[in-house]
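K.L.:
Structure below; questions to follow.
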Protein chains: 4
Amino acid sequence: MLGTHLKTYLQSDDQFIVIAGPCSVESEAQMTELLNAPGFSKVVRGGLFKMRTNPDSFQGMREKGVELIEKLRQERDFDFITEISDPRQIELLDPVTSIYQVGTRNMYNYELLKELSTLGKPVMIKRGFSANIKEWLGAAEYLSPLPEDKIMLCERGIRAFEPLLRNHLDLGTVIWLKENTNFKVIVDPSHAMGDAKYVRRASLASIAAGADGILVETHPEPAKALSDAHQALNLDELASLQAELKSLGEVLGKQIV
Amino acid sequence: MLGTHLKTYLQSDDQFIVIAGPCSVESEAQMTELLNAPGFSKVVRGGLFKMRTNPDSFQGMREKGVELIEKLRQERDFDFITEISDPRQIELLDPVTSIYQVGTRNMYNYELLKELSTLGKPVMIKRGFSANIKEWLGAAEYLSPLPEDKIMLCERGIRAFEPLLRNHLDLGTVIWLKENTNFKVIVDPSHAMGDAKYVRRASLASIAAGADGILVETHPEPAKALSDAHQALNLDELASLQAELKSLGEVLGKQIV
Amino acid sequence: MLGTHLKTYLQSDDQFIVIAGPCSVESEAQMTELLNAPGFSKVVRGGLFKMRTNPDSFQGMREKGVELIEKLRQERDFDFITEISDPRQIELLDPVTSIYQVGTRNMYNYELLKELSTLGKPVMIKRGFSANIKEWLGAAEYLSPLPEDKIMLCERGIRAFEPLLRNHLDLGTVIWLKENTNFKVIVDPSHAMGDAKYVRRASLASIAAGADGILVETHPEPAKALSDAHQALNLDELASLQAELKSLGEVLGKQIV
Amino acid sequence: MLGTHLKTYLQSDDQFIVIAGPCSVESEAQMTELLNAPGFSKVVRGGLFKMRTNPDSFQGMREKGVELIEKLRQERDFDFITEISDPRQIELLDPVTSIYQVGTRNMYNYELLKELSTLGKPVMIKRGFSANIKEWLGAAEYLSPLPEDKIMLCERGIRAFEPLLRNHLDLGTVIWLKENTNFKVIVDPSHAMGDAKYVRRASLASIAAGADGILVETHPEPAKALSDAHQALNLDELASLQAELKSLGEVLGKQIV
């Protein structure tokens with residue numbers, strides 16, 4: 001079930017979406033504080049099953065998180081996007097999920113993509129660490145039973161050689177994709193830059209580059225986040241970013257949603 | 001069931017393995033010609049479920065290939081290594097598989113790795129396209145119920161910027177891994193170089209760098225291969241490479257198996 | 001001798017410069033057509049000594065080009081920026097040059113940088129093909145007798161793995177530099193993208209990312225350019241880009257000059 | 001003036017050269033200890049004018065170093081290879097230099113290359129940080145008045161994404177160059193690996209890959225070296241490496257010189 005906002009967005013060419021939410025869903029208090037914030041996004045991101053390089057890192061709230069989101073969606077009107085890393089999670093995730101996010105580590109997981117293509121919901125494919133355009137579009141083809149307007153590509157920074165940045169934000173490829181394909185192209189400035197203080201500028205550059213939205217890590221108290229604490233915006237920073245995007249969007253012919 | 005050769009190899013420090021076989025298992029004639037060749041490897045590679053960037057490319061013999069390998073293993077003494085890309089393939093593959101190969105595209109597929117870690121058979125993890133060492137060892141940790149001597153790492157070239165080569169053969173990382181870990185380190189010179197004519201030199205460099213073996217694409221008639229035709233050795237080239245490795249191995253204190 | 005426009009720009013924090021001109025100065029007709037265009041940049045780029053990967057490619061008008069620029073600067077009010085690749089070119093170039101451009105291939109040419117640091121004119125250092133931030137700032141230190149406001153850094157795309165783009169436009173590094181240094185940061189969207197049709201979007205993204213200007217290849221008839229023909233804007237495209245930058249600049253607090 | 005050893009090497013196809021010496025020439029005591037070591041290389045490397053990312057790092061003995069090498073060459077029979085970073089150093093360096101080394105930072109410094117091409121002495125071009133093959137061969141073309149057998153290419157590791165290694169040793173490109181060009185191809189395992197403990201393996205892999213020699217940093221007391229202390233071999237390690245290369249060379253048909 002997709003909310004009206006999301007349906008309209010997927011059909012539109014002139015809307016820019018701000019998908020906000022925490023890296024990991026951590027607690028009811030955390031999620032409620034976000035959802036209650038005035039003007040908070042109607043499409044909310046949040047990790048339930050986390051993929052971590054180190055198997056001893058926090059792996060997400062999993063089943064308990066699903067129950068929490070279910071409860072919150074009954075009380076409030078929002079769409080939910082979350083990462084899926086195994087087809088066997090579908091049964092659990094499907095009731096609460098509006099958009100399936102395939103993470104960077106699974107861009108080439110064609111078995112997963114084929115499975116998701118049959119569910120009829122939008123799928124957002126994050127780019128592999130150093131996936132080239134042909135490979136990324138190849139992954140999108142594995143979704144092809146889905147109509148084009150339900151396939152979203154998310155640029156999240158590419159692997160490169162710079163020790164002072166987590167990744168290289170690759171807006172050149174965003175520009176290429178908008179010129180040569182019909183997919184929605186979203187930017188994840190949080191992972192691309194790896195530091196909250198660079199997220200604002202990366203987001204403004206993304207809308208100017210022609211992206212269709214951002215996926216931005218937001219936490220009521222970033223310093224206390226269980227994962228990626230250093231790269232989440234707080235609620236004030238998010239509101240201020242939304243306002244700036246709105247002003248830019250007026251010049252660029254994009255409505256912020 | 002692991003053959004004696006393979007068991008001995010896994011316990012040994014001074015053996016260098018030549019794992020040969022086609023990119024894809026294609027037919028009984030193809031496999032028989034390889035297996036009948038004098039001195040052919042006792043550990044044979046061959047793709048049954050192929051992962052392809054383009055969903056319309058040949059995706060492997062799948063079930064029929066499993067039956068073929070089953071038949072061939074009943075008639076002959078060899079171990080078989082093949083790529084698995086989904087836990088749901090285990091039931092089918094397990095009877096014919098000695099070593100599970102996790103492909104480049106699935107190095108970060110932790111759900112798959114966790115599943116394989118419970119089966120007790122050796123697992124070979126190919127390096128992600130631009131995986132760094134920490135990520136690669138992180139993937140190996142997801143196998144950790146397996147003893148260290150059943151975890152194999154396979155370098156297959158990293159993504160880089162050179163249009164004249166398919167990948168960059170990264171022997172520096174092989175050297176690092178042999179100095180700092182206890183895992184078997186295998187090199188895939190076929191994918192690393194992308195052209196049969198460079199495979200010999202890449203293999204010689206691998207043994208000199210300290211690698212524990214190579215995984216080399218071999219086809220009775222490379223030009224007719226259904227996938228990666230340009231990078232497979234023919235049987236004469238393989239035999240000649242084995243002889244050269246044997247001579248080098250004598251100097252380096254490595255026995256070729 | 002720096003023109004008033006340029007002097008003001010170097011002192012200012014809220015101006016965004018559009019440096020336009022051809023890859024190579026080719027003829028009086030070519031330069032006159034550009035300079036006569038209404039609203040054309042007052043800081044003009046143009047190569048006189050070209051560095052080419054292939055020694056048989058066109059190497060620039062050299063001495064004759066210097067004479068031409070000298071004549072044009074007597075008749076018109078503009079500043080000129082050109083690439084220098086050898087200290088022995090200083091004598092020839094100095095009378096016509098307002099800003100010395102050190103090209104990508106010479107970012108690490110410390111002898112050249114030391115020499116330029118003594119001339120008192122602004123120097124713009126283009127980033128090496130895959131220079132990291134520390135190396136780039138190290139190059140800027142070799143200019144250090146120059147005051148900070150005469151050192152300009154130019155991002156021009158980094159080497160990476162994508163065959164469909166000439167380089168990777170690296171706005172993440174632009175954002176880092178604006179946050180952490182006081183240098184002017186310019187973007188060269190023409191080289192970064194390698195195709196005129198992507199230059200507009202790359203330029204808009206640059207101003208939004210916080211860059212202080214762009215260096216954009218412009219030619220009265222791009223198809224006839226002797227070098228980089230595919231990446232130059234024509235005069236209409238330049239005028240239209242300037243207008244869009246002006247609108248965006250009003251929102252971002254930047255005046256286009 | 002080239003020594004007999006060096007002349008023979010340049011004409012030969014089956015010799016593998018070990019060029020040893022310090023990163024920087026530091027003192028008469030240092031150089032004498034190296035040159036007196038039994039079996040030390042007859043072609044000695046040593047930096048006189050050092051290029052450093054940070055202008056405050058040790059920049060080499062410069063003029064005093066030239067005098068020292070001059071004195072040492074009068075007393076002993078060896079060839080000397082040193083880096084040149086500016087044509088204006090030619091006058092000073094020429095009397096003591098047998099091979100001019102163009103450093104990684106100057107691979108694209110075509111003015112320097114053109115100048116060196118006229119001197120008639122061998123020139124060794126180190127590969128730029130992420131130079132591709134076409135660019136590297138383009139640089140070699142700028143030397144083209146020199147005969148092919150006086151042009152040497154030196155692979156020294158490419159820039160990539162691995163924080164645990166200084167560079168990526170790129171033997172794939174060495175293999176490509178030996179198959180497709182006639183130039184001597186040398187490997188610098190010291191810079192490629194960035195740590196003395198990996199130099200032995202990288203050197204063995206280089207000869208097996210088909211390289212024509214190595215350029216290996218050697219210091220009588222590596223811990224006291226003024227630059228790159230962590231990557232130099234001591235004299236025992238060098239002797240032991242030479243012995244291993246000799247054994248491998250016998251199998252590979254290469255004589256170590």
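Within each chain, counting starts at residue 1; across the structure tokens, chains are named A, B, ... in the order shown, with ligands numbered 1 upward in that order.
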Give as a PyMOL selection string every residue of chain B that touches chain A within 6 Å, counting only C-alpha atoms.

P.N.:
chain B and resi 53-54+105+108+135+138

K.L.:
Keeping only C-alpha atoms, write those residues as a compact mmCIF listing (two decimals), in the first residue's frame.

P.N.:
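part18.txt written:
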```
# COMPACT_ATOMS: atom_id res chain seq x y z
CA THR B 53 25.36 -8.50 -15.65
CA ASN B 54 22.80 -8.83 -18.41
CA ARG B 105 29.02 -10.10 -6.67
CA TYR B 108 28.94 -8.88 0.86
CA GLU B 135 35.79 -5.80 4.19
CA GLY B 138 34.85 -9.11 7.52
```

K.L.:
Tell me, as a PyMOL selection string, which residues lie within 9 Å of Asp212 (chain A), counting only C-alpha atoms; anything in the same chain fewer than 2 positions away does not count.

P.N.:
chain A and resi 13-17+178+184-187+206-207+210+214+254

K.L.:
Atoms to include: N, CA, C and O atoms. Write the selected residues as a short mmCIF file (atom, residue, chain, number, x, y, z; two decimals), in the first residue's frame.

P.N.:
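Full text of selection.cif as output:
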```
data_model
loop_
_atom_site.label_atom_id
_atom_site.label_comp_id
_atom_site.auth_asym_id
_atom_site.auth_seq_id
_atom_site.Cartn_x
_atom_site.Cartn_y
_atom_site.Cartn_z
N ASP A 13 7.29 14.41 -12.57
CA ASP A 13 8.65 14.70 -13.04
C ASP A 13 9.25 15.89 -12.32
O ASP A 13 10.42 16.19 -12.50
N ASP A 14 8.40 16.61 -11.60
CA ASP A 14 8.89 17.87 -11.05
C ASP A 14 8.82 17.89 -9.52
O ASP A 14 8.76 18.95 -8.92
N GLN A 15 8.86 16.71 -8.92
CA GLN A 15 8.91 16.67 -7.46
C GLN A 15 10.27 16.14 -7.01
O GLN A 15 10.85 15.25 -7.65
N PHE A 16 10.74 16.67 -5.92
CA PHE A 16 12.00 16.25 -5.32
C PHE A 16 11.68 15.76 -3.92
O PHE A 16 11.13 16.50 -3.10
N ILE A 17 12.00 14.51 -3.63
CA ILE A 17 11.58 13.92 -2.37
C ILE A 17 12.72 13.96 -1.33
O ILE A 17 13.88 13.76 -1.67
N LYS A 178 20.19 10.96 -15.39
CA LYS A 178 19.00 11.78 -15.68
C LYS A 178 18.91 12.10 -17.17
O LYS A 178 17.83 12.25 -17.71
N LYS A 184 13.91 7.19 -11.53
CA LYS A 184 14.12 8.16 -10.47
C LYS A 184 15.55 7.98 -9.95
O LYS A 184 16.00 6.85 -9.72
N VAL A 185 16.24 9.07 -9.75
CA VAL A 185 17.60 9.01 -9.22
C VAL A 185 17.66 9.78 -7.90
O VAL A 185 17.38 10.98 -7.86
N ILE A 186 17.97 9.04 -6.86
CA ILE A 186 18.02 9.58 -5.50
C ILE A 186 19.48 9.65 -5.07
O ILE A 186 20.28 8.83 -5.50
N VAL A 187 19.83 10.61 -4.24
CA VAL A 187 21.19 10.68 -3.70
C VAL A 187 21.15 10.47 -2.19
O VAL A 187 20.26 10.99 -1.51
N SER A 206 22.90 18.11 -5.12
CA SER A 206 22.14 17.01 -5.74
C SER A 206 20.91 17.53 -6.48
O SER A 206 20.62 17.12 -7.61
N ILE A 207 20.17 18.42 -5.84
CA ILE A 207 18.99 18.94 -6.53
C ILE A 207 19.40 19.74 -7.76
O ILE A 207 18.78 19.65 -8.82
N GLY A 210 20.09 17.68 -10.75
CA GLY A 210 18.95 17.08 -11.41
C GLY A 210 18.41 15.84 -10.72
O GLY A 210 17.49 15.20 -11.25
N ILE A 214 16.56 12.99 -2.10
CA ILE A 214 17.66 12.56 -1.25
C ILE A 214 17.13 11.60 -0.19
O ILE A 214 15.94 11.62 0.16
N LYS A 254 11.39 22.51 -9.28
CA LYS A 254 11.14 21.28 -8.55
C LYS A 254 10.41 21.61 -7.25
O LYS A 254 10.82 22.50 -6.50
#
```

K.L.:
Write out as a PyMOL selection string all residues of region 210-254 of chain A that backbone DSSP assigns to alpha helix (DSSP H).

P.N.:
chain A and resi 235-252

K.L.:
Give me a file of those residues, with all heavy atoms, as a short mmCIF file (atom, residue, chain, number, x, y, z; two decimals), in the first residue's frame.

P.N.:
```
data_model
loop_
_atom_site.label_atom_id
_atom_site.label_comp_id
_atom_site.auth_asym_id
_atom_site.auth_seq_id
_atom_site.Cartn_x
_atom_site.Cartn_y
_atom_site.Cartn_z
N LEU A 235 16.98 17.17 13.96
CA LEU A 235 15.72 17.64 13.36
C LEU A 235 15.79 19.10 12.92
O LEU A 235 15.20 19.48 11.90
CB LEU A 235 14.56 17.40 14.34
CG LEU A 235 14.10 15.93 14.34
CD1 LEU A 235 13.27 15.61 15.58
CD2 LEU A 235 13.29 15.63 13.07
N ASP A 236 16.53 19.92 13.66
CA ASP A 236 16.68 21.31 13.24
C ASP A 236 17.43 21.41 11.91
O ASP A 236 17.07 22.19 11.02
CB ASP A 236 17.46 22.10 14.29
CG ASP A 236 16.58 22.41 15.50
OD1 ASP A 236 15.35 22.22 15.41
OD2 ASP A 236 17.14 22.81 16.53
N GLU A 237 18.49 20.64 11.82
CA GLU A 237 19.27 20.67 10.58
C GLU A 237 18.43 20.18 9.40
O GLU A 237 18.51 20.73 8.30
CB GLU A 237 20.52 19.79 10.72
CG GLU A 237 21.55 20.39 11.67
CD GLU A 237 22.60 19.38 12.15
OE1 GLU A 237 22.33 18.15 12.12
OE2 GLU A 237 23.68 19.83 12.58
N LEU A 238 17.60 19.18 9.64
CA LEU A 238 16.73 18.69 8.56
C LEU A 238 15.75 19.77 8.11
O LEU A 238 15.57 20.02 6.91
CB LEU A 238 15.97 17.44 9.01
CG LEU A 238 15.00 16.88 7.96
CD1 LEU A 238 15.75 16.30 6.76
CD2 LEU A 238 14.06 15.83 8.55
N ALA A 239 15.11 20.42 9.08
CA ALA A 239 14.11 21.44 8.74
C ALA A 239 14.77 22.57 7.95
O ALA A 239 14.22 23.09 6.98
CB ALA A 239 13.46 21.98 10.02
N SER A 240 15.95 22.95 8.39
CA SER A 240 16.65 24.03 7.71
C SER A 240 17.05 23.61 6.29
O SER A 240 16.95 24.39 5.33
CB SER A 240 17.85 24.40 8.58
OG SER A 240 18.86 24.95 7.83
N LEU A 241 17.47 22.37 6.13
CA LEU A 241 17.80 21.86 4.80
C LEU A 241 16.56 21.85 3.90
O LEU A 241 16.60 22.25 2.73
CB LEU A 241 18.40 20.46 4.90
CG LEU A 241 18.67 19.73 3.58
CD1 LEU A 241 19.61 20.52 2.68
CD2 LEU A 241 19.27 18.34 3.85
N GLN A 242 15.43 21.40 4.46
CA GLN A 242 14.20 21.38 3.66
C GLN A 242 13.85 22.77 3.16
O GLN A 242 13.43 22.96 2.01
CB GLN A 242 13.04 20.80 4.49
CG GLN A 242 13.13 19.28 4.69
CD GLN A 242 12.11 18.76 5.69
OE1 GLN A 242 11.99 19.32 6.79
NE2 GLN A 242 11.39 17.70 5.34
N ALA A 243 14.03 23.76 4.02
CA ALA A 243 13.73 25.14 3.62
C ALA A 243 14.64 25.61 2.50
O ALA A 243 14.20 26.23 1.53
CB ALA A 243 13.84 26.07 4.83
N GLU A 244 15.91 25.28 2.61
CA GLU A 244 16.85 25.69 1.55
C GLU A 244 16.53 24.99 0.24
O GLU A 244 16.62 25.57 -0.85
CB GLU A 244 18.29 25.39 1.95
CG GLU A 244 18.85 26.40 2.92
CD GLU A 244 20.38 26.33 2.93
OE1 GLU A 244 21.02 27.02 2.11
OE2 GLU A 244 20.92 25.57 3.75
N LEU A 245 16.21 23.70 0.34
CA LEU A 245 15.86 22.96 -0.88
C LEU A 245 14.63 23.57 -1.53
O LEU A 245 14.52 23.65 -2.76
CB LEU A 245 15.60 21.48 -0.55
CG LEU A 245 16.85 20.65 -0.23
CD1 LEU A 245 16.48 19.31 0.38
CD2 LEU A 245 17.70 20.44 -1.50
N LYS A 246 13.69 24.01 -0.69
CA LYS A 246 12.47 24.62 -1.22
C LYS A 246 12.81 25.87 -2.05
O LYS A 246 12.31 26.04 -3.16
CB LYS A 246 11.54 24.98 -0.06
CG LYS A 246 10.14 25.37 -0.45
CD LYS A 246 9.17 25.14 0.72
CE LYS A 246 7.76 25.60 0.34
NZ LYS A 246 7.63 27.09 0.32
N SER A 247 13.68 26.72 -1.51
CA SER A 247 14.06 27.93 -2.25
C SER A 247 14.76 27.57 -3.56
O SER A 247 14.48 28.15 -4.61
CB SER A 247 15.01 28.79 -1.41
OG SER A 247 14.44 29.09 -0.18
N LEU A 248 15.69 26.64 -3.49
CA LEU A 248 16.37 26.23 -4.72
C LEU A 248 15.40 25.60 -5.70
O LEU A 248 15.46 25.83 -6.90
CB LEU A 248 17.47 25.22 -4.40
CG LEU A 248 18.87 25.74 -4.11
CD1 LEU A 248 19.84 24.58 -4.00
CD2 LEU A 248 19.34 26.67 -5.23
N GLY A 249 14.51 24.77 -5.16
CA GLY A 249 13.55 24.08 -6.01
C GLY A 249 12.70 25.06 -6.80
O GLY A 249 12.34 24.80 -7.96
N GLU A 250 12.37 26.20 -6.19
CA GLU A 250 11.56 27.19 -6.93
C GLU A 250 12.27 27.67 -8.18
O GLU A 250 11.67 27.84 -9.24
CB GLU A 250 11.20 28.36 -6.01
CG GLU A 250 9.96 28.02 -5.18
CD GLU A 250 9.83 28.89 -3.92
OE1 GLU A 250 10.37 30.01 -3.91
OE2 GLU A 250 9.17 28.43 -2.95
N VAL A 251 13.57 27.86 -8.08
CA VAL A 251 14.34 28.28 -9.25
C VAL A 251 14.48 27.14 -10.26
O VAL A 251 14.44 27.34 -11.47
CB VAL A 251 15.74 28.76 -8.81
CG1 VAL A 251 16.58 29.10 -10.04
CG2 VAL A 251 15.64 29.95 -7.87
N LEU A 252 14.64 25.94 -9.74
CA LEU A 252 14.92 24.79 -10.62
C LEU A 252 13.66 24.11 -11.14
O LEU A 252 13.73 23.12 -11.87
CB LEU A 252 15.77 23.77 -9.86
CG LEU A 252 17.18 24.24 -9.46
CD1 LEU A 252 17.75 23.36 -8.35
CD2 LEU A 252 18.12 24.24 -10.67
#
```

K.L.:
Just the strand (DSSP E) stuff from region 118-210 of chain D, please, per backbone DSSP, written as an NGL selection string.

P.N.:
:D and (123-126 or 151-155 or 184-187)

K.L.:
With a distance cut-off of 10 Å and only C-alpha atoms, select the neighbouring residues of Pro147 (chain B), excluding the residue or stretch itself and same-chain residues fewer than 5 positions from it, and output the selection as a list in words.

P.N.:
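Using only C-alpha atoms, the neighbours found are Ser117, Gly120, Lys121, Pro122 and Phe183 of chain B.
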
K.L.:
Need to verify the contact set: Arg156 (chain C), 10 Å, only C-alpha atoms, exclusion of same-chain residues closer than 4 positions in sequence. Can you return it as a list in words?

P.N.:
Gly103, Thr104, Lys126, Arg127, Gly128, Phe129, Asn167, His168, Leu169, Asp170, Leu171, Ile186, Val187, Asp188, Pro189, Ser190, His191, Ala192, Met193, Gly194, Ile214 and Leu215 of chain C

K.L.:
In Å, with one decimal, what is the gap from CA of Leu72 (chain A) to CA of Ile90 (chain A)?

P.N.:
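A separation of 19.3 Å between them.
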
K.L.:
Kindly give the distance, in Å, that separates CA of Leu116 (chain B) and CA of Gln74 (chain B), rounded to a single decimal.

P.N.:
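These atoms are spaced 24.3 Å apart.
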